[in-house]
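Raw model18.pdb, PDB, C-alpha atoms, pLDDT in the B column:
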ATOM      1  CA  MET A   1     -22.023  -3.841   6.265  1.00 46.00           C
ATOM      2  CA  ALA A   2     -19.376  -3.012   8.868  1.00 42.00           C
ATOM      3  CA  GLY A   3     -16.136  -4.838   8.192  1.00 40.00           C
ATOM      4  CA  HIS A   4     -12.576  -5.277   9.341  1.00 42.00           C
ATOM      5  CA  SER A   5      -9.197  -4.377   7.913  1.00 46.00           C
ATOM      6  CA  LYS A   6      -6.794  -5.969  10.379  1.00 51.00           C
ATOM      7  CA  TRP A   7      -3.634  -5.349   8.391  1.00 49.00           C
ATOM      8  CA  ALA A   8      -4.456  -1.666   7.972  1.00 52.00           C
ATOM      9  CA  ASN A   9      -5.187  -1.345  11.678  1.00 52.00           C
ATOM     10  CA  ILE A  10      -1.916  -3.026  12.650  1.00 50.00           C
ATOM     11  CA  LYS A  11      -0.049  -0.635  10.390  1.00 52.00           C
ATOM     12  CA  ARG A  12      -1.749   2.301  12.073  1.00 47.00           C
ATOM     13  CA  GLN A  13      -1.138   0.939  15.548  1.00 44.00           C
ATOM     14  CA  LYS A  14       2.552   0.535  14.759  1.00 43.00           C
ATOM     15  CA  ALA A  15       2.936   3.408  12.314  1.00 41.00           C
ATOM     16  CA  ARG A  16       6.202   5.237  12.703  1.00 39.00           C
ATOM     17  CA  VAL A  17       6.591   8.906  11.920  1.00 37.00           C
ATOM     18  CA  ASP A  18       7.632   8.802   8.282  1.00 42.00           C
ATOM     19  CA  ALA A  19      10.540  11.184   8.011  1.00 39.00           C
ATOM     20  CA  LYS A  20      11.356   9.856   4.543  1.00 50.00           C
ATOM     21  CA  LYS A  21       9.029  12.226   2.718  1.00 56.00           C
ATOM     22  CA  GLY A  22      11.219  11.961  -0.370  1.00 63.00           C
ATOM     23  CA  LYS A  23      10.400   8.239  -0.557  1.00 73.00           C
ATOM     24  CA  VAL A  24       6.671   9.017  -0.467  1.00 79.00           C
ATOM     25  CA  PHE A  25       7.098  11.667  -3.170  1.00 83.00           C
ATOM     26  CA  THR A  26       8.961   9.164  -5.359  1.00 85.00           C
ATOM     27  CA  GLN A  27       6.297   6.474  -4.911  1.00 87.00           C
ATOM     28  CA  ILE A  28       3.391   8.710  -5.802  1.00 87.00           C
ATOM     29  CA  SER A  29       5.242  10.446  -8.617  1.00 89.00           C
ATOM     30  CA  ARG A  30       5.823   7.064 -10.232  1.00 90.00           C
ATOM     31  CA  GLU A  31       2.111   6.293  -9.894  1.00 90.00           C
ATOM     32  CA  ILE A  32       1.290   9.553 -11.666  1.00 91.00           C
ATOM     33  CA  ILE A  33       3.822   8.871 -14.428  1.00 91.00           C
ATOM     34  CA  VAL A  34       2.449   5.376 -15.059  1.00 90.00           C
ATOM     35  CA  ALA A  35      -1.172   6.570 -14.921  1.00 90.00           C
ATOM     36  CA  ALA A  36      -0.480   9.366 -17.408  1.00 90.00           C
ATOM     37  CA  ARG A  37       1.384   6.967 -19.690  1.00 88.00           C
ATOM     38  CA  ASN A  38      -1.374   4.349 -19.618  1.00 86.00           C
ATOM     39  CA  GLY A  39      -4.200   6.785 -20.336  1.00 86.00           C
ATOM     40  CA  LEU A  40      -4.978  10.375 -21.122  1.00 87.00           C
ATOM     41  CA  PRO A  41      -3.000  13.058 -19.247  1.00 88.00           C
ATOM     42  CA  ASP A  42      -6.317  14.652 -18.258  1.00 90.00           C
ATOM     43  CA  PRO A  43      -7.377  13.622 -14.717  1.00 90.00           C
ATOM     44  CA  ASP A  44     -11.045  14.230 -15.575  1.00 88.00           C
ATOM     45  CA  ALA A  45     -10.808  11.499 -18.205  1.00 90.00           C
ATOM     46  CA  ASN A  46      -8.357   9.209 -16.409  1.00 91.00           C
ATOM     47  CA  PHE A  47      -9.537   7.797 -13.078  1.00 90.00           C
ATOM     48  CA  GLN A  48      -6.181   6.191 -12.264  1.00 90.00           C
ATOM     49  CA  LEU A  49      -4.448   9.531 -12.766  1.00 90.00           C
ATOM     50  CA  ARG A  50      -7.075  11.419 -10.804  1.00 90.00           C
ATOM     51  CA  SER A  51      -6.707   9.029  -7.877  1.00 89.00           C
ATOM     52  CA  ALA A  52      -2.924   9.374  -7.928  1.00 89.00           C
ATOM     53  CA  ILE A  53      -3.217  13.167  -7.931  1.00 90.00           C
ATOM     54  CA  VAL A  54      -5.580  13.096  -4.947  1.00 86.00           C
ATOM     55  CA  LYS A  55      -3.062  10.920  -3.099  1.00 85.00           C
ATOM     56  CA  ALA A  56      -0.241  13.286  -4.085  1.00 86.00           C
ATOM     57  CA  LYS A  57      -2.040  16.344  -2.780  1.00 85.00           C
ATOM     58  CA  ALA A  58      -2.896  14.568   0.469  1.00 79.00           C
ATOM     59  CA  ALA A  59       0.824  13.813   0.888  1.00 79.00           C
ATOM     60  CA  GLY A  60       1.709  17.466   0.359  1.00 84.00           C
ATOM     61  CA  ILE A  61       3.397  17.067  -3.016  1.00 86.00           C
ATOM     62  CA  PRO A  62       3.632  20.496  -4.698  1.00 90.00           C
ATOM     63  CA  ASN A  63       1.522  21.113  -7.796  1.00 91.00           C
ATOM     64  CA  ASP A  64       4.655  21.754  -9.866  1.00 92.00           C
ATOM     65  CA  ASN A  65       5.926  18.256  -9.056  1.00 89.00           C
ATOM     66  CA  ILE A  66       2.563  16.765  -9.987  1.00 90.00           C
ATOM     67  CA  ASP A  67       2.508  18.644 -13.296  1.00 92.00           C
ATOM     68  CA  ARG A  68       6.048  17.506 -14.120  1.00 90.00           C
ATOM     69  CA  ALA A  69       5.150  13.874 -13.407  1.00 90.00           C
ATOM     70  CA  ILE A  70       2.085  14.109 -15.662  1.00 91.00           C
ATOM     71  CA  ALA A  71       4.172  15.697 -18.431  1.00 90.00           C
ATOM     72  CA  LYS A  72       6.839  13.038 -18.087  1.00 87.00           C
ATOM     73  CA  GLY A  73       4.295  10.233 -18.235  1.00 86.00           C
ATOM     74  CA  SER A  74       2.598  11.693 -21.293  1.00 84.00           C
ATOM     75  CA  GLY A  75       5.924  12.167 -23.071  1.00 80.00           C
ATOM     76  CA  GLN A  76       5.803  15.957 -22.935  1.00 76.00           C
ATOM     77  CA  GLY A  77       8.394  16.526 -20.244  1.00 62.00           C
ATOM     78  CA  SER A  78      12.083  15.964 -19.830  1.00 59.00           C
ATOM     79  CA  GLY A  79      13.420  13.128 -17.730  1.00 56.00           C
ATOM     80  CA  ASP A  80      15.589  10.041 -17.669  1.00 53.00           C
ATOM     81  CA  GLY A  81      13.306   8.181 -20.054  1.00 60.00           C
ATOM     82  CA  ALA A  82      12.767   5.328 -17.610  1.00 70.00           C
ATOM     83  CA  THR A  83       9.830   3.068 -18.360  1.00 83.00           C
ATOM     84  CA  TYR A  84       8.228   1.692 -15.221  1.00 86.00           C
ATOM     85  CA  GLU A  85       6.346  -1.577 -15.111  1.00 88.00           C
ATOM     86  CA  SER A  86       4.130  -2.861 -12.359  1.00 90.00           C
ATOM     87  CA  ILE A  87       5.253  -6.182 -10.869  1.00 94.00           C
ATOM     88  CA  ARG A  88       3.886  -8.208  -7.971  1.00 96.00           C
ATOM     89  CA  TYR A  89       6.247 -10.187  -5.754  1.00 97.00           C
ATOM     90  CA  GLU A  90       5.362 -12.748  -3.113  1.00 97.00           C
ATOM     91  CA  GLY A  91       7.170 -14.304  -0.200  1.00 97.00           C
ATOM     92  CA  TYR A  92       7.160 -15.554   3.355  1.00 97.00           C
ATOM     93  CA  GLY A  93       8.154 -13.687   6.469  1.00 96.00           C
ATOM     94  CA  PRO A  94       9.199 -15.037   9.867  1.00 95.00           C
ATOM     95  CA  GLY A  95       6.920 -17.784  11.140  1.00 94.00           C
ATOM     96  CA  GLY A  96       5.339 -18.299   7.719  1.00 96.00           C
ATOM     97  CA  VAL A  97       3.656 -14.881   7.433  1.00 95.00           C
ATOM     98  CA  ALA A  98       2.447 -14.345   3.853  1.00 96.00           C
ATOM     99  CA  ILE A  99       3.721 -11.139   2.249  1.00 96.00           C
ATOM    100  CA  LEU A 100       2.613  -9.580  -1.030  1.00 96.00           C
ATOM    101  CA  ILE A 101       4.552  -6.691  -2.561  1.00 96.00           C
ATOM    102  CA  GLU A 102       3.682  -4.349  -5.404  1.00 94.00           C
ATOM    103  CA  ALA A 103       6.501  -2.535  -7.154  1.00 94.00           C
ATOM    104  CA  LEU A 104       6.976  -0.068  -9.982  1.00 92.00           C
ATOM    105  CA  THR A 105      10.387  -0.619 -11.486  1.00 92.00           C
ATOM    106  CA  ASP A 106      12.490   0.139 -14.528  1.00 90.00           C
ATOM    107  CA  ASN A 107      14.779  -2.806 -13.766  1.00 94.00           C
ATOM    108  CA  ARG A 108      13.080  -5.974 -12.582  1.00 94.00           C
ATOM    109  CA  ASN A 109      16.394  -7.793 -11.998  1.00 95.00           C
ATOM    110  CA  ARG A 110      17.540  -5.091  -9.582  1.00 96.00           C
ATOM    111  CA  THR A 111      14.220  -5.074  -7.771  1.00 96.00           C
ATOM    112  CA  ALA A 112      14.120  -8.855  -7.378  1.00 97.00           C
ATOM    113  CA  ALA A 113      17.703  -8.879  -6.083  1.00 97.00           C
ATOM    114  CA  ASP A 114      16.962  -6.130  -3.541  1.00 97.00           C
ATOM    115  CA  LEU A 115      13.869  -7.971  -2.334  1.00 98.00           C
ATOM    116  CA  ARG A 116      15.699 -11.286  -2.065  1.00 97.00           C
ATOM    117  CA  VAL A 117      18.380  -9.705   0.141  1.00 97.00           C
ATOM    118  CA  ALA A 118      15.787  -7.946   2.309  1.00 97.00           C
ATOM    119  CA  PHE A 119      13.915 -11.202   2.907  1.00 98.00           C
ATOM    120  CA  SER A 120      16.981 -13.342   3.578  1.00 97.00           C
ATOM    121  CA  LYS A 121      18.487 -10.880   6.059  1.00 97.00           C
ATOM    122  CA  ASN A 122      15.246 -10.580   8.042  1.00 96.00           C
ATOM    123  CA  GLY A 123      14.016 -14.103   8.559  1.00 95.00           C
ATOM    124  CA  GLY A 124      12.013 -14.599   5.383  1.00 96.00           C
ATOM    125  CA  ASN A 125      12.367 -15.696   1.794  1.00 96.00           C
ATOM    126  CA  LEU A 126      11.196 -14.404  -1.569  1.00 97.00           C
ATOM    127  CA  GLY A 127       8.949 -16.986  -3.204  1.00 96.00           C
ATOM    128  CA  GLU A 128       7.662 -17.803  -6.638  1.00 94.00           C
ATOM    129  CA  THR A 129       4.710 -15.994  -8.193  1.00 91.00           C
ATOM    130  CA  GLY A 130       1.520 -17.478  -6.801  1.00 94.00           C
ATOM    131  CA  CYS A 131       3.011 -18.922  -3.627  1.00 96.00           C
ATOM    132  CA  VAL A 132       0.924 -16.669  -1.351  1.00 96.00           C
ATOM    133  CA  GLY A 133      -1.163 -14.635  -3.778  1.00 95.00           C
ATOM    134  CA  TRP A 134      -4.110 -16.980  -3.330  1.00 96.00           C
ATOM    135  CA  MET A 135      -4.375 -15.784   0.287  1.00 95.00           C
ATOM    136  CA  PHE A 136      -5.234 -12.239  -0.797  1.00 95.00           C
ATOM    137  CA  ASP A 137      -8.181 -10.651  -2.580  1.00 94.00           C
ATOM    138  CA  ARG A 138      -7.803  -7.469  -4.592  1.00 93.00           C
ATOM    139  CA  LYS A 139     -10.364  -4.928  -3.481  1.00 94.00           C
ATOM    140  CA  GLY A 140     -11.217  -1.336  -4.238  1.00 94.00           C
ATOM    141  CA  VAL A 141     -10.968   0.896  -1.174  1.00 94.00           C
ATOM    142  CA  VAL A 142     -12.401   4.407  -0.943  1.00 94.00           C
ATOM    143  CA  THR A 143     -11.296   6.475   2.040  1.00 93.00           C
ATOM    144  CA  LEU A 144     -13.730   9.100   3.305  1.00 94.00           C
ATOM    145  CA  THR A 145     -12.770  11.905   5.684  1.00 91.00           C
ATOM    146  CA  GLY A 146     -14.922  13.784   8.172  1.00 91.00           C
ATOM    147  CA  GLU A 147     -17.853  12.744  10.283  1.00 91.00           C
ATOM    148  CA  VAL A 148     -20.280  10.496   8.431  1.00 91.00           C
ATOM    149  CA  ASP A 149     -23.873   9.610   9.120  1.00 92.00           C
ATOM    150  CA  GLU A 150     -23.813   5.829   9.308  1.00 91.00           C
ATOM    151  CA  ASP A 151     -27.355   5.393   8.024  1.00 94.00           C
ATOM    152  CA  ALA A 152     -26.579   7.607   5.034  1.00 94.00           C
ATOM    153  CA  LEU A 153     -23.317   5.775   4.419  1.00 94.00           C
ATOM    154  CA  LEU A 154     -25.019   2.397   4.616  1.00 94.00           C
ATOM    155  CA  GLU A 155     -27.609   3.466   2.061  1.00 94.00           C
ATOM    156  CA  ALA A 156     -25.016   5.048  -0.230  1.00 94.00           C
ATOM    157  CA  SER A 157     -22.734   2.018   0.055  1.00 93.00           C
ATOM    158  CA  MET A 158     -25.517  -0.280  -1.058  1.00 93.00           C
ATOM    159  CA  GLU A 159     -26.307   2.061  -3.968  1.00 93.00           C
ATOM    160  CA  VAL A 160     -22.719   2.015  -5.271  1.00 93.00           C
ATOM    161  CA  GLY A 161     -22.229  -1.715  -4.766  1.00 93.00           C
ATOM    162  CA  ALA A 162     -19.847  -1.572  -1.807  1.00 94.00           C
ATOM    163  CA  GLU A 163     -19.347  -4.719   0.225  1.00 94.00           C
ATOM    164  CA  ASN A 164     -18.531  -3.290   3.651  1.00 92.00           C
ATOM    165  CA  TYR A 165     -17.078  -0.281   5.434  1.00 93.00           C
ATOM    166  CA  GLU A 166     -15.067   0.426   8.548  1.00 91.00           C
ATOM    167  CA  ALA A 167     -14.502   3.486  10.723  1.00 88.00           C
ATOM    168  CA  ILE A 168     -10.780   4.041  11.227  1.00 84.00           C
ATOM    169  CA  GLU A 169      -9.556   4.526  14.770  1.00 74.00           C
ATOM    170  CA  ASP A 170      -6.638   6.944  14.821  1.00 67.00           C
ATOM    171  CA  ASP A 171      -6.292   9.237  17.830  1.00 61.00           C
ATOM    172  CA  GLU A 172      -3.602  11.288  16.079  1.00 62.00           C
ATOM    173  CA  ALA A 173      -5.635  12.072  12.966  1.00 63.00           C
ATOM    174  CA  ASP A 174      -6.996  15.586  12.474  1.00 74.00           C
ATOM    175  CA  GLU A 175     -10.421  14.225  11.564  1.00 84.00           C
ATOM    176  CA  PRO A 176     -12.172  10.860  11.509  1.00 87.00           C
ATOM    177  CA  SER A 177     -12.046   8.682   8.431  1.00 90.00           C
ATOM    178  CA  THR A 178     -13.911   5.696   7.056  1.00 93.00           C
ATOM    179  CA  GLU A 179     -12.851   3.077   4.536  1.00 94.00           C
ATOM    180  CA  VAL A 180     -15.395   1.640   2.117  1.00 95.00           C
ATOM    181  CA  PHE A 181     -14.541  -1.700   0.502  1.00 95.00           C
ATOM    182  CA  GLY A 182     -15.821  -3.223  -2.702  1.00 95.00           C
ATOM    183  CA  ALA A 183     -14.804  -5.177  -5.778  1.00 95.00           C
ATOM    184  CA  PHE A 184     -11.707  -3.821  -7.487  1.00 93.00           C
ATOM    185  CA  GLU A 185     -13.655  -3.461 -10.726  1.00 93.00           C
ATOM    186  CA  ASP A 186     -16.154  -1.176  -8.959  1.00 94.00           C
ATOM    187  CA  LEU A 187     -13.571   1.230  -7.511  1.00 93.00           C
ATOM    188  CA  GLU A 188     -14.257   4.113  -9.882  1.00 92.00           C
ATOM    189  CA  ALA A 189     -18.036   3.764  -9.589  1.00 94.00           C
ATOM    190  CA  MET A 190     -17.784   3.621  -5.802  1.00 94.00           C
ATOM    191  CA  SER A 191     -15.597   6.711  -5.650  1.00 93.00           C
ATOM    192  CA  LYS A 192     -17.793   8.748  -7.977  1.00 93.00           C
ATOM    193  CA  GLY A 193     -21.009   7.523  -6.367  1.00 95.00           C
ATOM    194  CA  LEU A 194     -19.938   8.319  -2.804  1.00 95.00           C
ATOM    195  CA  GLU A 195     -18.686  11.738  -3.871  1.00 94.00           C
ATOM    196  CA  ALA A 196     -21.994  12.420  -5.608  1.00 95.00           C
ATOM    197  CA  GLU A 197     -23.773  11.564  -2.345  1.00 94.00           C
ATOM    198  CA  GLY A 198     -21.876  14.332  -0.586  1.00 95.00           C
ATOM    199  CA  PHE A 199     -19.104  12.334   1.088  1.00 95.00           C
ATOM    200  CA  THR A 200     -15.547  13.676   1.025  1.00 93.00           C
ATOM    201  CA  VAL A 201     -13.365  11.194  -0.859  1.00 92.00           C
ATOM    202  CA  ALA A 202      -9.757  11.507   0.275  1.00 90.00           C
ATOM    203  CA  GLN A 203      -8.421   8.526  -1.653  1.00 88.00           C
ATOM    204  CA  ALA A 204      -9.498   5.705  -3.928  1.00 91.00           C
ATOM    205  CA  GLU A 205      -7.069   2.855  -4.403  1.00 90.00           C
ATOM    206  CA  PRO A 206      -6.790  -0.855  -5.134  1.00 91.00           C
ATOM    207  CA  ARG A 207      -5.627  -2.836  -2.130  1.00 92.00           C
ATOM    208  CA  TRP A 208      -4.805  -6.459  -1.395  1.00 92.00           C
ATOM    209  CA  ILE A 209      -6.811  -7.791   1.560  1.00 92.00           C
ATOM    210  CA  PRO A 210      -5.789 -11.053   3.279  1.00 92.00           C
ATOM    211  CA  SER A 211      -8.483 -13.741   3.187  1.00 92.00           C
ATOM    212  CA  ASN A 212      -7.016 -15.369   6.300  1.00 91.00           C
ATOM    213  CA  TYR A 213      -4.731 -14.226   9.081  1.00 92.00           C
ATOM    214  CA  LEU A 214      -1.810 -15.693  10.965  1.00 93.00           C
ATOM    215  CA  GLU A 215      -1.759 -14.675  14.625  1.00 92.00           C
ATOM    216  CA  VAL A 216       1.699 -13.786  15.910  1.00 92.00           C
ATOM    217  CA  THR A 217       1.891 -14.116  19.691  1.00 93.00           C
ATOM    218  CA  GLU A 218       5.650 -14.014  20.411  1.00 95.00           C
ATOM    219  CA  LEU A 219       7.246 -10.603  20.945  1.00 94.00           C
ATOM    220  CA  GLU A 220      10.539 -11.435  19.226  1.00 95.00           C
ATOM    221  CA  LEU A 221       8.749 -12.859  16.191  1.00 94.00           C
ATOM    222  CA  ALA A 222       6.533  -9.777  16.010  1.00 92.00           C
ATOM    223  CA  GLN A 223       9.552  -7.462  16.152  1.00 93.00           C
ATOM    224  CA  THR A 224      11.347  -9.420  13.418  1.00 95.00           C
ATOM    225  CA  THR A 225       8.230  -9.374  11.243  1.00 94.00           C
ATOM    226  CA  LEU A 226       7.812  -5.614  11.591  1.00 92.00           C
ATOM    227  CA  LYS A 227      11.505  -5.086  10.828  1.00 94.00           C
ATOM    228  CA  LEU A 228      11.156  -7.047   7.582  1.00 95.00           C
ATOM    229  CA  ILE A 229       8.083  -5.038   6.584  1.00 93.00           C
ATOM    230  CA  GLU A 230       9.936  -1.797   7.302  1.00 91.00           C
ATOM    231  CA  VAL A 231      12.972  -2.862   5.260  1.00 94.00           C
ATOM    232  CA  LEU A 232      10.763  -3.887   2.334  1.00 95.00           C
ATOM    233  CA  GLU A 233       8.797  -0.623   2.441  1.00 91.00           C
ATOM    234  CA  ASP A 234      12.031   1.365   2.387  1.00 90.00           C
ATOM    235  CA  LEU A 235      13.158  -0.110  -0.954  1.00 92.00           C
ATOM    236  CA  ASP A 236      12.955   2.486  -3.718  1.00 89.00           C
ATOM    237  CA  ASP A 237      10.932   0.366  -6.145  1.00 92.00           C
ATOM    238  CA  VAL A 238       8.366  -0.860  -3.623  1.00 93.00           C
ATOM    239  CA  GLN A 239       4.947   0.798  -3.740  1.00 90.00           C
ATOM    240  CA  SER A 240       3.094  -1.253  -1.161  1.00 91.00           C
ATOM    241  CA  VAL A 241       3.581  -4.180   1.201  1.00 93.00           C
ATOM    242  CA  THR A 242       0.694  -6.271   2.536  1.00 93.00           C
ATOM    243  CA  ALA A 243       0.935  -9.170   4.980  1.00 94.00           C
ATOM    244  CA  ASN A 244      -1.516 -11.484   6.684  1.00 93.00           C
ATOM    245  CA  PHE A 245      -0.289 -11.298  10.293  1.00 92.00           C
ATOM    246  CA  GLU A 246      -2.248  -9.997  13.248  1.00 90.00           C
ATOM    247  CA  PHE A 247      -1.187  -9.247  16.820  1.00 89.00           C
ATOM    248  CA  PRO A 248      -3.270  -9.753  19.959  1.00 88.00           C
ATOM    249  CA  ASP A 249      -3.895  -6.573  21.973  1.00 86.00           C
ATOM    250  CA  ASP A 250      -1.463  -7.473  24.747  1.00 89.00           C
ATOM    251  CA  LEU A 251       1.345  -7.944  22.227  1.00 88.00           C
ATOM    252  CA  ILE A 252       0.592  -4.587  20.625  1.00 84.00           C
ATOM    253  CA  GLU A 253       0.926  -3.008  24.067  1.00 85.00           C
ATOM    254  CA  GLN A 254       4.336  -4.641  24.497  1.00 87.00           C
ATOM    255  CA  LEU A 255       5.441  -3.354  21.104  1.00 84.00           C
ATOM    256  CA  ASP A 256       4.277   0.147  21.993  1.00 79.00           C
ATOM    257  CA  ALA A 257       6.116   0.090  25.327  1.00 72.00           C
TER
END
Now, as a test, write the supplied structure out as structure tokens.
Amino acid sequence: MAGHSKWANIKRQKARVDAKKGKVFTQISREIIVAARNGLPDPDANFQLRSAIVKAKAAGIPNDNIDRAIAKGSGQGSGDGATYESIRYEGYGPGGVAILIEALTDNRNRTAADLRVAFSKNGGNLGETGCVGWMFDRKGVVTLTGEVDEDALLEASMEVGAENYEAIEDDEADEPSTEVFGAFEDLEAMSKGLEAEGFTVAQAEPRWIPSNYLEVTELELAQTTLKLIEVLEDLDDVQSVTANFEFPDDLIEQLDA
């Protein structure tokens, strides 16, 4: 059952201290607004909303902010009246790296223009819908925190229909964590099932997983690729960025130096 999540590991290995907490708050608040708008404002009856709230609390977003976002999404609160839509963008990074971007935006023309500039200034280009999407599979990912008994997790994973799992290596984390992967359609059942088995679910989210990887071996190309990813992630409308590159260990050491 053990599996691999190379993109997630690369992000952890090169993760910078995110001082832009306001950006994180904005991202998750938009998720809450959209979740509340698309379903009931009750997290017990709305899995998408419940998942967004769990993510918000893990990021340290105050309860008052969460409540305001729920009220805004359900039409009960004040706000700018913006209506966010979820859009997927695709493109190529330096060296032909495939990049998939998910955005929540109230102005798709602005978002597309911002993305096009970010790509062109950092060695890539924004492509047409479908140009790289076929290289990614949408999966459901449940993140567990705390020590886990692998035999118990294996049994529970099979019970809830999970496909594989992976222990996350992060020396700076307060406690160990494990990611459980399965079909996107099974995300809610996986989350509820693992929680019912006594595991601590820290997050349940859809995620795009590359089906193939492009190895980047040149330092300059790796630096340019990471710069593009950083610029894309910093755009206000961008929720997530996924790419199919991987670095050999010796290159990661050079980047860390």
Atomic separation - CA of Asp151 in chain A relative to CA of Leu187 in chain A, Å: 21.2 Å
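Here the question is which of A:Thr217, A:Ser51, A:Thr225, A:Ser157 gets nearest to Ala196 in chain A using all atoms listed in the file, and that residue is A:Ser157.
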Nearest residue to Arg116 in chain A from the set A:Arg30, A:Gly182, A:Ala36, A:Val231 (distances using all atoms listed in the file): A:Val231
Selection result of the PyMOL selection byres ((chain A and resi 129-137) around 12) on this file, as a PyMOL selection string: chain A and resi 7+87-93+96-102+112+125-128+138-141+181-184+206-214+242-245
Mind giving me the axis-aligned box for range 225-242 of chain A with 8 Å on every side, centre plus edges in Å to one decimal, as JSON?
{"center_x": 6.9, "center_y": -3.4, "center_z": 2.7, "size_x": 28.5, "size_y": 27.9, "size_z": 33.7}
Test item: the PyMOL selection byres ((chain A and resi 48) around 10) resolved as a PyMOL selection string: chain A and resi 31-32+34-36+38-40+43-47+49-53+188+204-205
Expected file contents, prior selection, C-alpha atoms, as a JSON list (two decimals), in the frame of the given file:
[["chain", "number", "residue", "atom", "x", "y", "z"],
["A", 31, "GLU", "CA", 2.11, 6.29, -9.89],
["A", 32, "ILE", "CA", 1.29, 9.55, -11.67],
["A", 34, "VAL", "CA", 2.45, 5.38, -15.06],
["A", 35, "ALA", "CA", -1.17, 6.57, -14.92],
["A", 36, "ALA", "CA", -0.48, 9.37, -17.41],
["A", 38, "ASN", "CA", -1.37, 4.35, -19.62],
["A", 39, "GLY", "CA", -4.20, 6.78, -20.34],
["A", 40, "LEU", "CA", -4.98, 10.38, -21.12],
["A", 43, "PRO", "CA", -7.38, 13.62, -14.72],
["A", 44, "ASP", "CA", -11.04, 14.23, -15.58],
["A", 45, "ALA", "CA", -10.81, 11.50, -18.20],
["A", 46, "ASN", "CA", -8.36, 9.21, -16.41],
["A", 47, "PHE", "CA", -9.54, 7.80, -13.08],
["A", 49, "LEU", "CA", -4.45, 9.53, -12.77],
["A", 50, "ARG", "CA", -7.08, 11.42, -10.80],
["A", 51, "SER", "CA", -6.71, 9.03, -7.88],
["A", 52, "ALA", "CA", -2.92, 9.37, -7.93],
["A", 53, "ILE", "CA", -3.22, 13.17, -7.93],
["A", 188, "GLU", "CA", -14.26, 4.11, -9.88],
["A", 204, "ALA", "CA", -9.50, 5.70, -3.93],
["A", 205, "GLU", "CA", -7.07, 2.86, -4.40]]
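Closest approach to Ser29 in chain A from the set A:Arg108, A:Arg68, A:Lys227, A:Lys121 is made by A:Arg68, with distances taken over only C-alpha atoms.
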Among the residues A:Glu253, A:Asp42, A:Glu246, A:Glu215, the one that comes closest to Ser74 in chain A [using all atoms listed in the file]: A:Asp42
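Using only C-alpha atoms for every distance, the candidate list A:Asp64, A:Glu230, A:Glu197, A:Asp249 yields A:Glu197 as the residue closest to Val160 in chain A.
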Explicit residue set for the PyMOL selection byres ((chain A and resi 26-28) around 12), as a PyMOL selection string: chain A and resi 20-25+29-35+48-62+65-66+69-70+84+102-105+233-240
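The coordinates place CA of Phe247 in chain A at 28.7 Å from CA of Val148 in chain A.
One distance worth recording is that between CA of Gly198 in chain A and CA of Ser177 in chain A, which is 14.5 Å.
Using all atoms listed in the file, the residues found no farther than 10 Å from Glu218 in chain A, other than those of its own chain fewer than 5 positions away, are Gln223, Phe247, Pro248 and Leu251 of chain A.
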